[in-house]
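> Input file: final_37.txt. Contents: compact mmCIF, N, CA and C atoms.
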# COMPACT_ATOMS: atom_id res chain seq x y z
N MET A 1 96.27 146.95 35.57
CA MET A 1 96.10 145.52 35.43
C MET A 1 97.25 144.85 36.18
N SER A 2 96.89 143.91 37.06
CA SER A 2 97.91 143.24 37.87
C SER A 2 98.66 142.21 37.04
N LYS A 3 99.76 141.72 37.59
CA LYS A 3 100.55 140.70 36.91
C LYS A 3 99.74 139.43 36.70
N ALA A 4 98.92 139.05 37.70
CA ALA A 4 98.09 137.84 37.58
C ALA A 4 97.09 137.98 36.44
N ASP A 5 96.50 139.18 36.30
CA ASP A 5 95.57 139.42 35.21
C ASP A 5 96.27 139.34 33.86
N ARG A 6 97.45 139.91 33.77
CA ARG A 6 98.21 139.88 32.52
C ARG A 6 98.59 138.44 32.17
N ASP A 7 99.02 137.67 33.18
CA ASP A 7 99.38 136.26 32.93
C ASP A 7 98.17 135.45 32.46
N ASN A 8 97.03 135.68 33.09
CA ASN A 8 95.80 134.97 32.71
C ASN A 8 95.42 135.29 31.28
N ARG A 9 95.50 136.57 30.92
CA ARG A 9 95.16 136.97 29.55
C ARG A 9 96.13 136.34 28.55
N ALA A 10 97.40 136.35 28.87
CA ALA A 10 98.40 135.74 27.99
C ALA A 10 98.14 134.24 27.83
N ASN A 11 97.79 133.57 28.92
CA ASN A 11 97.49 132.13 28.86
C ASN A 11 96.26 131.86 27.98
N GLN A 12 95.24 132.73 28.05
CA GLN A 12 94.04 132.54 27.25
C GLN A 12 94.29 132.78 25.76
N LEU A 13 95.37 133.47 25.43
CA LEU A 13 95.72 133.72 24.03
C LEU A 13 96.74 132.73 23.49
N ASN A 14 97.25 131.85 24.35
CA ASN A 14 98.30 130.90 23.98
C ASN A 14 97.70 129.53 23.72
N GLN A 15 97.79 129.03 22.47
CA GLN A 15 97.23 127.73 22.11
C GLN A 15 97.88 126.58 22.87
N ASN A 16 99.06 126.78 23.41
CA ASN A 16 99.76 125.72 24.12
C ASN A 16 99.37 125.66 25.60
N ASN A 17 98.36 126.42 26.01
CA ASN A 17 97.98 126.49 27.42
C ASN A 17 96.53 126.02 27.58
N ASP A 18 96.25 125.29 28.69
CA ASP A 18 94.89 124.83 28.97
C ASP A 18 93.89 125.99 29.04
N ALA A 19 94.32 127.12 29.56
CA ALA A 19 93.42 128.28 29.71
C ALA A 19 92.88 128.74 28.36
N PHE A 20 93.64 128.56 27.28
CA PHE A 20 93.21 128.92 25.94
C PHE A 20 91.91 128.17 25.59
N TYR A 21 91.90 126.86 25.85
CA TYR A 21 90.75 126.02 25.51
C TYR A 21 89.62 126.18 26.51
N GLN A 22 89.96 126.31 27.80
CA GLN A 22 88.94 126.46 28.82
C GLN A 22 88.17 127.76 28.64
N SER A 23 88.85 128.82 28.20
CA SER A 23 88.16 130.09 27.98
C SER A 23 87.23 130.03 26.77
N ARG A 24 87.37 129.01 25.95
CA ARG A 24 86.52 128.82 24.77
C ARG A 24 85.50 127.71 24.98
N GLY A 25 85.32 127.27 26.22
CA GLY A 25 84.29 126.30 26.54
C GLY A 25 84.69 124.84 26.48
N TYR A 26 85.97 124.55 26.22
CA TYR A 26 86.42 123.17 26.19
C TYR A 26 86.92 122.77 27.57
N ASP A 27 87.06 121.46 27.79
CA ASP A 27 87.55 120.98 29.09
C ASP A 27 89.02 121.28 29.31
N GLY A 28 89.76 121.29 28.26
CA GLY A 28 91.21 121.53 28.36
C GLY A 28 91.86 121.33 27.02
N ARG A 29 93.16 121.36 27.04
CA ARG A 29 93.93 121.20 25.81
C ARG A 29 93.82 119.76 25.32
N PRO A 30 93.64 119.55 24.00
CA PRO A 30 93.53 118.18 23.49
C PRO A 30 94.85 117.44 23.64
N ASP A 31 94.75 116.12 23.83
CA ASP A 31 95.94 115.29 23.92
C ASP A 31 96.29 114.81 22.52
N ASN A 32 97.43 115.26 22.03
CA ASN A 32 97.92 114.84 20.72
C ASN A 32 99.40 114.51 20.84
N ASP A 33 99.74 113.28 20.43
CA ASP A 33 101.14 112.87 20.49
C ASP A 33 101.97 113.56 19.41
N ASP A 34 101.35 113.84 18.28
CA ASP A 34 102.08 114.47 17.18
C ASP A 34 101.86 115.99 17.19
N ASP A 35 101.97 116.59 18.36
CA ASP A 35 101.71 118.01 18.55
C ASP A 35 102.76 118.85 17.83
N ASP A 36 102.30 119.61 16.83
CA ASP A 36 103.21 120.52 16.15
C ASP A 36 102.82 121.97 16.46
N GLY A 37 101.89 122.15 17.42
CA GLY A 37 101.50 123.49 17.83
C GLY A 37 100.39 124.08 16.97
N ASP A 38 99.97 123.39 15.93
CA ASP A 38 98.91 123.91 15.07
C ASP A 38 97.69 123.01 15.19
N PHE A 39 96.65 123.49 15.88
CA PHE A 39 95.46 122.69 16.10
C PHE A 39 94.33 123.00 15.13
N CYS A 40 94.56 123.89 14.19
CA CYS A 40 93.48 124.36 13.33
C CYS A 40 92.78 123.21 12.60
N GLY A 41 93.54 122.33 11.99
CA GLY A 41 92.92 121.24 11.25
C GLY A 41 92.32 120.18 12.14
N ARG A 42 92.98 119.88 13.24
CA ARG A 42 92.51 118.80 14.10
C ARG A 42 91.43 119.24 15.06
N ARG A 43 91.39 120.50 15.43
CA ARG A 43 90.45 120.94 16.44
C ARG A 43 89.00 120.78 15.96
N SER A 44 88.74 121.02 14.69
CA SER A 44 87.36 120.89 14.22
C SER A 44 86.90 119.45 14.28
N SER A 45 87.80 118.50 14.01
CA SER A 45 87.37 117.11 14.09
C SER A 45 87.34 116.61 15.53
N THR A 46 88.27 117.09 16.35
CA THR A 46 88.30 116.66 17.75
C THR A 46 87.16 117.29 18.54
N TYR A 47 86.94 118.59 18.31
CA TYR A 47 85.94 119.32 19.08
C TYR A 47 84.79 119.80 18.20
N GLY A 48 84.51 119.10 17.13
CA GLY A 48 83.45 119.51 16.22
C GLY A 48 82.10 119.52 16.91
N PRO A 49 81.07 119.86 16.18
CA PRO A 49 79.76 119.92 16.82
C PRO A 49 79.36 118.55 17.36
N PRO A 50 78.74 118.55 18.51
CA PRO A 50 78.35 117.26 19.10
C PRO A 50 77.25 116.61 18.25
N PRO A 51 77.18 115.30 18.30
CA PRO A 51 76.10 114.65 17.57
C PRO A 51 74.76 115.07 18.17
N PRO A 52 73.70 115.09 17.37
CA PRO A 52 72.41 115.51 17.92
C PRO A 52 71.95 114.56 19.03
N SER A 53 71.31 115.14 19.99
CA SER A 53 70.78 114.34 21.09
C SER A 53 69.65 113.46 20.56
N PRO A 54 69.32 112.38 21.26
CA PRO A 54 68.21 111.54 20.80
C PRO A 54 66.91 112.33 20.66
N GLN A 55 66.68 113.28 21.56
CA GLN A 55 65.46 114.09 21.49
C GLN A 55 65.47 114.95 20.23
N LYS A 56 66.61 115.60 19.94
CA LYS A 56 66.70 116.46 18.76
C LYS A 56 66.55 115.63 17.49
N HIS A 57 67.18 114.47 17.47
CA HIS A 57 67.07 113.58 16.30
C HIS A 57 65.61 113.18 16.09
N PHE A 58 64.92 112.83 17.17
CA PHE A 58 63.51 112.45 17.07
C PHE A 58 62.68 113.61 16.51
N LEU A 59 62.89 114.82 17.06
CA LEU A 59 62.12 115.97 16.62
C LEU A 59 62.37 116.29 15.15
N GLU A 60 63.64 116.21 14.72
CA GLU A 60 63.94 116.48 13.33
C GLU A 60 63.30 115.43 12.41
N THR A 61 63.38 114.18 12.79
CA THR A 61 62.78 113.10 12.01
C THR A 61 61.27 113.22 12.02
N HIS A 62 60.71 113.44 13.22
CA HIS A 62 59.26 113.56 13.37
C HIS A 62 58.75 114.76 12.57
N SER A 63 59.47 115.86 12.62
CA SER A 63 59.07 117.07 11.91
C SER A 63 58.99 116.81 10.42
N ALA A 64 59.98 116.13 9.88
CA ALA A 64 59.98 115.82 8.44
C ALA A 64 58.81 114.92 8.08
N ARG A 65 58.52 113.95 8.96
CA ARG A 65 57.42 113.03 8.69
C ARG A 65 56.08 113.76 8.76
N VAL A 66 55.92 114.63 9.75
CA VAL A 66 54.67 115.38 9.90
C VAL A 66 54.47 116.30 8.70
N LYS A 67 55.54 116.95 8.25
CA LYS A 67 55.43 117.82 7.07
C LYS A 67 55.00 117.01 5.84
N GLN A 68 55.59 115.83 5.68
CA GLN A 68 55.23 115.00 4.53
C GLN A 68 53.79 114.54 4.62
N GLU A 69 53.34 114.15 5.82
CA GLU A 69 51.95 113.73 6.00
C GLU A 69 50.99 114.89 5.71
N ALA A 70 51.35 116.09 6.13
CA ALA A 70 50.50 117.26 5.86
C ALA A 70 50.43 117.53 4.36
N MET A 71 51.57 117.39 3.67
CA MET A 71 51.57 117.60 2.22
C MET A 71 50.73 116.53 1.52
N ASP A 72 50.84 115.28 1.97
CA ASP A 72 50.03 114.21 1.39
C ASP A 72 48.55 114.47 1.62
N ALA A 73 48.19 114.91 2.84
CA ALA A 73 46.79 115.19 3.16
C ALA A 73 46.28 116.36 2.33
N ARG A 74 47.14 117.34 2.11
CA ARG A 74 46.74 118.50 1.31
C ARG A 74 46.41 118.08 -0.12
N ILE A 75 47.18 117.15 -0.65
CA ILE A 75 46.94 116.66 -2.01
C ILE A 75 45.72 115.75 -2.03
N GLU A 76 45.57 114.90 -1.01
CA GLU A 76 44.47 113.93 -0.95
C GLU A 76 43.13 114.61 -0.66
N HIS A 77 43.13 115.62 0.21
CA HIS A 77 41.89 116.29 0.62
C HIS A 77 42.04 117.81 0.50
N PRO A 78 42.08 118.32 -0.71
CA PRO A 78 42.30 119.76 -0.88
C PRO A 78 41.18 120.61 -0.29
N CYS A 79 39.98 120.07 -0.23
CA CYS A 79 38.85 120.83 0.30
C CYS A 79 39.06 121.14 1.79
N LEU A 80 39.52 120.16 2.54
CA LEU A 80 39.82 120.37 3.96
C LEU A 80 40.94 121.40 4.11
N ASP A 81 41.91 121.31 3.24
CA ASP A 81 43.03 122.25 3.29
C ASP A 81 42.55 123.67 3.03
N LEU A 82 41.64 123.85 2.06
CA LEU A 82 41.10 125.18 1.80
C LEU A 82 40.32 125.69 3.00
N CYS A 83 39.51 124.85 3.61
CA CYS A 83 38.76 125.26 4.80
C CYS A 83 39.70 125.71 5.92
N ASP A 84 40.77 124.95 6.14
CA ASP A 84 41.76 125.33 7.16
C ASP A 84 42.42 126.67 6.81
N PHE A 85 42.75 126.83 5.54
CA PHE A 85 43.39 128.08 5.08
C PHE A 85 42.45 129.27 5.32
N LEU A 86 41.18 129.11 4.97
CA LEU A 86 40.22 130.20 5.16
C LEU A 86 40.02 130.50 6.64
N MET A 87 39.98 129.46 7.47
CA MET A 87 39.79 129.67 8.92
C MET A 87 40.98 130.43 9.51
N ARG A 88 42.18 130.16 9.03
CA ARG A 88 43.36 130.87 9.54
C ARG A 88 43.41 132.32 9.07
N ASN A 89 42.93 132.58 7.86
CA ASN A 89 43.07 133.91 7.27
C ASN A 89 41.83 134.79 7.35
N HIS A 90 40.67 134.22 7.54
CA HIS A 90 39.42 135.00 7.65
C HIS A 90 38.45 134.22 8.55
N PRO A 91 38.71 134.18 9.85
CA PRO A 91 37.99 133.28 10.75
C PRO A 91 36.62 133.79 11.23
N TYR A 92 35.94 134.57 10.42
CA TYR A 92 34.69 135.18 10.86
C TYR A 92 33.46 134.37 10.47
N PHE A 93 33.65 133.32 9.70
CA PHE A 93 32.53 132.53 9.22
C PHE A 93 32.81 131.04 9.41
N LEU A 94 31.78 130.25 9.22
CA LEU A 94 31.92 128.80 9.29
C LEU A 94 32.11 128.28 7.88
N TYR A 95 33.15 127.50 7.68
CA TYR A 95 33.46 126.94 6.36
C TYR A 95 33.19 125.44 6.43
N LYS A 96 32.29 124.97 5.57
CA LYS A 96 31.92 123.56 5.60
C LYS A 96 32.44 122.86 4.35
N ASP A 97 33.19 121.81 4.58
CA ASP A 97 33.80 121.02 3.50
C ASP A 97 32.73 120.14 2.86
N MET A 98 32.50 120.36 1.58
CA MET A 98 31.49 119.57 0.87
C MET A 98 32.10 118.78 -0.30
N GLY A 99 33.37 118.89 -0.48
CA GLY A 99 34.01 118.23 -1.63
C GLY A 99 34.79 117.00 -1.22
N TRP A 100 35.34 116.35 -2.23
CA TRP A 100 36.15 115.16 -1.99
C TRP A 100 37.17 115.04 -3.10
N ARG A 101 38.38 114.79 -2.73
CA ARG A 101 39.51 114.60 -3.65
C ARG A 101 39.66 115.77 -4.62
N THR A 102 39.29 115.59 -5.88
CA THR A 102 39.52 116.65 -6.87
C THR A 102 38.38 117.66 -6.94
N ALA A 103 37.31 117.45 -6.19
CA ALA A 103 36.19 118.39 -6.16
C ALA A 103 36.30 119.25 -4.90
N VAL A 104 36.52 120.52 -5.08
CA VAL A 104 36.62 121.44 -3.95
C VAL A 104 35.35 122.29 -3.93
N ILE A 105 34.50 122.00 -2.96
CA ILE A 105 33.27 122.74 -2.76
C ILE A 105 33.22 123.13 -1.29
N VAL A 106 33.16 124.43 -1.04
CA VAL A 106 33.14 124.92 0.33
C VAL A 106 31.90 125.79 0.50
N HIS A 107 31.09 125.45 1.51
CA HIS A 107 29.95 126.29 1.87
C HIS A 107 30.42 127.26 2.94
N VAL A 108 30.17 128.54 2.70
CA VAL A 108 30.51 129.58 3.66
C VAL A 108 29.19 130.00 4.31
N LEU A 109 29.05 129.61 5.56
CA LEU A 109 27.79 129.85 6.27
C LEU A 109 27.82 131.19 6.99
N GLY A 110 26.71 131.94 6.87
CA GLY A 110 26.61 133.22 7.55
C GLY A 110 27.15 134.38 6.75
N CYS A 111 27.34 134.19 5.45
CA CYS A 111 27.93 135.24 4.61
C CYS A 111 27.10 135.38 3.34
N GLU A 112 26.72 136.60 3.02
CA GLU A 112 25.98 136.85 1.78
C GLU A 112 26.94 136.91 0.60
N SER A 113 26.50 136.41 -0.54
CA SER A 113 27.39 136.31 -1.70
C SER A 113 27.79 137.66 -2.28
N ASP A 114 27.02 138.71 -2.03
CA ASP A 114 27.36 140.02 -2.58
C ASP A 114 28.03 140.94 -1.55
N SER A 115 28.50 140.38 -0.44
CA SER A 115 29.13 141.19 0.61
C SER A 115 30.63 141.36 0.35
N GLU A 116 31.20 142.31 1.07
CA GLU A 116 32.64 142.54 0.98
C GLU A 116 33.42 141.34 1.50
N ASP A 117 32.88 140.69 2.53
CA ASP A 117 33.54 139.49 3.07
C ASP A 117 33.59 138.38 2.03
N ALA A 118 32.54 138.25 1.24
CA ALA A 118 32.53 137.23 0.18
C ALA A 118 33.65 137.50 -0.83
N SER A 119 33.88 138.78 -1.14
CA SER A 119 34.96 139.13 -2.07
C SER A 119 36.32 138.78 -1.48
N ILE A 120 36.50 139.06 -0.19
CA ILE A 120 37.76 138.74 0.48
C ILE A 120 37.98 137.23 0.49
N ILE A 121 36.93 136.48 0.80
CA ILE A 121 37.04 135.01 0.83
C ILE A 121 37.37 134.47 -0.55
N ALA A 122 36.76 135.03 -1.59
CA ALA A 122 37.04 134.58 -2.96
C ALA A 122 38.51 134.84 -3.33
N VAL A 123 39.03 136.00 -2.95
CA VAL A 123 40.44 136.31 -3.22
C VAL A 123 41.35 135.34 -2.46
N LEU A 124 41.02 135.08 -1.19
CA LEU A 124 41.81 134.13 -0.41
C LEU A 124 41.78 132.74 -1.03
N ALA A 125 40.61 132.32 -1.50
CA ALA A 125 40.49 131.00 -2.12
C ALA A 125 41.33 130.92 -3.40
N ASP A 126 41.32 132.00 -4.18
CA ASP A 126 42.16 132.03 -5.40
C ASP A 126 43.65 131.99 -5.05
N THR A 127 44.03 132.68 -3.99
CA THR A 127 45.42 132.65 -3.52
C THR A 127 45.81 131.24 -3.12
N TRP A 128 44.92 130.57 -2.36
CA TRP A 128 45.18 129.19 -1.95
C TRP A 128 45.31 128.29 -3.17
N ARG A 129 44.40 128.45 -4.12
CA ARG A 129 44.41 127.60 -5.32
C ARG A 129 45.70 127.78 -6.10
N ALA A 130 46.19 129.02 -6.19
CA ALA A 130 47.43 129.28 -6.92
C ALA A 130 48.63 128.63 -6.23
N SER A 131 48.56 128.47 -4.90
CA SER A 131 49.68 127.86 -4.18
C SER A 131 49.64 126.33 -4.20
N LEU A 132 48.55 125.76 -4.64
CA LEU A 132 48.38 124.30 -4.65
C LEU A 132 49.11 123.69 -5.83
N SER A 133 50.03 122.79 -5.55
CA SER A 133 50.82 122.19 -6.63
C SER A 133 49.95 121.31 -7.54
N SER A 134 48.90 120.71 -7.01
CA SER A 134 48.05 119.83 -7.81
C SER A 134 46.78 120.54 -8.28
N ARG A 135 46.83 121.87 -8.44
CA ARG A 135 45.63 122.65 -8.80
C ARG A 135 45.07 122.25 -10.16
N ASP A 136 45.91 121.76 -11.07
CA ASP A 136 45.43 121.36 -12.40
C ASP A 136 44.57 120.11 -12.33
N ALA A 137 44.72 119.33 -11.26
CA ALA A 137 43.94 118.10 -11.12
C ALA A 137 42.54 118.36 -10.58
N LEU A 138 42.25 119.58 -10.13
CA LEU A 138 40.93 119.89 -9.57
C LEU A 138 39.88 119.88 -10.68
N THR A 139 38.82 119.12 -10.48
CA THR A 139 37.74 119.05 -11.47
C THR A 139 36.64 120.05 -11.16
N VAL A 140 36.44 120.35 -9.88
CA VAL A 140 35.42 121.31 -9.45
C VAL A 140 36.05 122.23 -8.43
N PHE A 141 35.79 123.53 -8.57
CA PHE A 141 36.25 124.51 -7.58
C PHE A 141 35.12 125.50 -7.38
N LYS A 142 34.46 125.42 -6.21
CA LYS A 142 33.28 126.23 -6.02
C LYS A 142 33.18 126.71 -4.57
N LEU A 143 32.86 127.99 -4.41
CA LEU A 143 32.52 128.55 -3.11
C LEU A 143 31.04 128.89 -3.15
N GLU A 144 30.31 128.43 -2.14
CA GLU A 144 28.88 128.73 -2.06
C GLU A 144 28.63 129.48 -0.76
N PHE A 145 27.97 130.63 -0.88
CA PHE A 145 27.70 131.47 0.27
C PHE A 145 26.25 131.28 0.71
N HIS A 146 26.08 131.07 2.01
CA HIS A 146 24.75 130.82 2.58
C HIS A 146 24.52 131.74 3.77
N GLN A 147 23.40 132.43 3.77
CA GLN A 147 23.07 133.33 4.87
C GLN A 147 22.53 132.57 6.02
In structure tokens, what does this structure look like?

Amino acid sequence: MSKADRDNRANQLNQNNDAFYQSRGYDGRPDNDDDDGDFCGRRSSTYGPPPPSPQKHFLETHSARVKQEAMDARIEHPCLDLCDFLMRNHPYFLYKDMGWRTAVIVHVLGCESDSEDASIIAVLADTWRASLSSRDALTVFKLEFHQ
């Protein structure tokens, strides 16, 4: 290791040198009039995480709003939510929403009621119902299979 390499390494390990901060991604050593050589407490406030960009702030805000709207829709239209859940988890049949608000009625088209697929769909529907926070408010819960 040459002398220049040793000097560079020593500078990168020395808090009193610009190379220390530059090697850690900062522009240089902070300007502090009351420099006592200990930057631990001040460095986090001086070089703390940058404020979120306008795009990131929008996405975080938008994401929270979209999640809340989806939760509201799930409570308002549970039948549509069940159809979406079934389409994501067992997309082999057509699920038709026939219910409204507290009545969940789903027609499963192209599936016989005594088939193995009907059993799978019934288990999936029960799983969905168990995950629904407003499941006690449901007045009707019915799956109808149509060939």
> Identify, with DSSP run on backbone atoms, the residues in range 43-143 of chain A assigned to strand (DSSP E or B), and express the list as a list in words.
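Listing strand (DSSP E or B) positions across range 43-143 of chain A yields Leu94, Tyr95, Lys96, Asp97, Trp100, Ala103, Val104, Ile105, Val106, His107, Val108, Leu109, Val140, Phe141, Lys142 and Leu143 of chain A.
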> Counting only C-alpha atoms, what is within 12 Å of range 125-128 of chain A, bar same-chain residues fewer than 2 positions away, as a ChimeraX atom specification?
/A:74,78-90,95,104-106,108,118-123,130-135,141-144
> With distances taken over all atoms listed in the file, which residue among A:Thr139, A:Gln22, A:Gln15, A:Ser53 lies nearest Thr102 in chain A?
A:Thr139
> Just how far from CA of Ala10 in chain A is CA of Ser23 in chain A, in Å to one decimal?
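For CA of Ser23 in chain A relative to CA of Ala10 in chain A, the distance reads 11.7 Å.
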> Which polymer residues have any atom within 5 Å of an atom of Phe20 in chain A, counting all atoms listed in the file, with same-chain residues fewer than 4 positions away left out, as a PyMOL selection string?
chain A and resi 11-12+24
> Determine which residues of chain A DSSP labels as helix (DSSP H, G or I) from the backbone of this structure, then write them out as a PyMOL selection string.
chain A and resi 3-12+18-22+40-46+54-76+78-89+116-131+135-137
> Hey, can you check how far CA of Phe145 in chain A sits from CA of Leu124 in chain A?
14.4 Å
> Atom C of Asp72 in chain A to atom N of Val140 in chain A: how many Å, to one decimal?
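Interatomic distance, atom C of Asp72 in chain A to atom N of Val140 in chain A: 17.7 Å.
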